[in-house]
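This report refers to the structure that appears directly beneath it.
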Amino acid sequence: MDTVTKDDIRKPENLIYKRTNLLTDKTMSYCPGCGHGTTHRIIMEVLEEMGIQEKTIGIAPVGCSVLAYEFMNIDMQQAAHGRAPALATAVKRLMPEKFVFTYQGDGDLAAIGTAETIHACNRGENIVIIFINNGIYGMTGGQMAPTTLPNMKSSTSPYGRDVKLMGNPLKITELVAQLPGTLYVTRQAVHTPAAVRRTKKAIRKAFENQKLNKGLSFVEVVSNCNSGWKMTPNQANEWMVENMFPFYPLGDIKVNED
Amino acid sequence: MAKVKGDIVIDVEKCKGCQVCIPACPNDVIGVSKNVNGKGYNYVETVNEECIGCSNCAIVCPDGVITVYRKRIE
């Protein structure tokens, strides 16, 4: 066998995987190892595969992903804190031919925006909600969020979350799955290649549901926050597998018929 | 039997050195560089020639800095 040099392999016809052009060239503002970047990329890959870049309107939230419009090369609108589902409702009702999705963190969707989330889900608006759950308020410095696990340390619960004093964590994904308005509710993660592929399939299914005007799809992505958890990215992923997944089990919670 | 040989190209200036790609690689191709990039991160680099072009590293990379090539060798 002849020796193959790197120049023989690095040819356009051998290209297998490349960062999608639907992401802008800007360096993402997220911390190293954050799941936001991976989720941004797979959403954009789904839009590219479906060929709906110019027909999609994204709603950016408040939180770490507030600058999502800088990185996603599609039409985007910034919403007030927690109000992304309400804004997405308005956009979708005014422009029903567009694809509308919201991209929200747990502080945005499960805390200040609980009312908007639950009512948009209950009305069964024909939108996609992508929910990044890392268990804390990442942007403001790792404070305790409604999704913080029992006994989990954060900057405002340094001895761990005491459920007697601070209440129980909110499983908002299970909550919205109870509502008749939701069509497809799933919980995924982006810490391993297999998990990323499954998440991409789930996001694809969510956008396909919107294409067929079927109803609201809700995709939760359990993500790490290594800066907020004070760990390295790989330690944070291991911690997430050990502690987050028993409480937030991955998998489909509510699936519609194809 | 046809053999598959792969190669990855890492955009070292955009790499943040999070090292999430290292456990994702089945053949331990990726390692941390001793050098730093313009932002001061120890970026990752290929340390051997065992790449099979599975694109696992590129799929988990949060910043999408890895481009993957794969060639079948008869």
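To be explicit about the labels: the chains of the structure tokens are called A, B, and onward in the order shown, and within each one the residues are counted from 1, while ligands get numbers from 1 in the order they are shown.
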Chain B near chain A within 10 Å: what's each residue's closest atom pair and its distance in Å to one decimal, counting only C-alpha atoms, ordered by chain then ascending residue number, as CSV?
residue,atom,partner,partner_atom,distance
B:Lys3,CA,A:Met1,CA,10.0
B:Lys5,CA,A:Ile9,CA,7.7
B:Gly6,CA,A:Ile9,CA,6.7
B:Asp7,CA,A:Ile9,CA,6.6
B:Ile8,CA,A:Arg10,CA,8.2
B:Val9,CA,A:Arg10,CA,8.4
B:Glu13,CA,A:Thr27,CA,9.5
B:Lys14,CA,A:Thr27,CA,6.6
B:Cys15,CA,A:Pro32,CA,8.5
B:Lys16,CA,A:Pro32,CA,5.4
B:Gly17,CA,A:Pro32,CA,6.7
B:Cys18,CA,A:Gly33,CA,4.8
B:Gln19,CA,A:Asn234,CA,7.2
B:Val20,CA,A:Asn234,CA,6.0
B:Cys21,CA,A:Thr192,CA,9.0
B:Ile22,CA,A:Asn234,CA,9.2
B:Pro23,CA,A:Asn234,CA,8.3
B:Ala24,CA,A:Thr192,CA,6.7
B:Cys25,CA,A:Pro193,CA,9.5
B:Tyr41,CA,A:Pro32,CA,9.4
B:Glu49,CA,A:Lys6,CA,9.4
B:Gly53,CA,A:Ile16,CA,7.5
B:Cys54,CA,A:Ile16,CA,8.6
B:Ser55,CA,A:Tyr17,CA,6.6
B:Asn56,CA,A:Pro193,CA,5.5
B:Cys57,CA,A:Pro193,CA,7.6
B:Ala58,CA,A:Tyr17,CA,7.2
B:Ile59,CA,A:Pro193,CA,5.9
B:Val60,CA,A:Pro193,CA,5.6
B:Cys61,CA,A:Thr38,CA,6.5
B:Pro62,CA,A:Thr38,CA,4.3
B:Asp63,CA,A:Gly37,CA,5.6
B:Gly64,CA,A:Arg19,CA,5.3
B:Val65,CA,A:Arg19,CA,7.0
B:Ile66,CA,A:Lys18,CA,6.9
B:Thr67,CA,A:Lys18,CA,4.7
B:Val68,CA,A:Tyr17,CA,5.0
B:Tyr69,CA,A:Leu15,CA,4.4
B:Arg70,CA,A:Asn14,CA,5.2
B:Lys71,CA,A:Asn14,CA,5.7
B:Arg72,CA,A:Asn14,CA,8.8
B:Ile73,CA,A:Met1,CA,8.3
B:Glu74,CA,A:Met1,CA,8.0
Discussion item. Please list as an MDAnalysis selection string every residue within 6 Å of range 55-67 of chain A, counting only C-alpha atoms and excluding residues in the same chain fewer than 3 positions away.
Written reply: chainID A and resid 52 70 75:79 81 98:104 139
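Reported to one decimal place, the separation of CA of Ala111 in chain A from CA of Ala145 in chain A is 7.3 Å.
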Residues of range 18-136 of chain A within 12 Å of range 150-156 of chain A: nearest atom pair and distance (Å, one decimal) for each, counting only C-alpha atoms, sorted by chain and number, as CSV?
residue,atom,partner,partner_atom,distance
A:Asn134,CA,A:Ser154,CA,11.7
A:Gly135,CA,A:Met152,CA,8.9
A:Ile136,CA,A:Ser154,CA,7.3
Worksheet item: Running DSSP on the backbone, which parts of range 5-246 of chain A land in helix (DSSP H, G or I), as a PyMOL selection string?
Response: chain A and resi 6-9+12-14+35-50+53-55+64-71+84-94+106-112+114-123+163-166+172-177+193-211+226-229+233-246
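Going from CA of Glu45 in chain B to CA of Ser33 in chain B covers 6.0 Å.
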Practice prompt. For range 240-243 of chain A, please output as a ChimeraX atom specification all residues within 8 Å (counting only C-alpha atoms; exclusion window: fewer than 3 positions along the same chain).
Written response: /A:223-224,236-237,246-247
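Here the question is which of A:Lys164, A:Arg198, A:Arg187, A:Arg204 gets nearest to Glu220 in chain A using only C-alpha atoms, and that residue is A:Arg187.
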Worksheet item: DSSP on the backbone: what in range 217-252 of chain A comes out strand (DSSP E or B), as a PyMOL selection string?
Response: chain A and resi 217-222+251-252
Fill in: Spatial neighbours of Met166 in chain A, 10 Å, only C-alpha atoms, chain gap at least 4 places, as a ChimeraX atom specification
/A:144,146,150,157,161-162
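CA of Ala86 in chain A lies 11.3 Å from CA of Leu109 in chain A.
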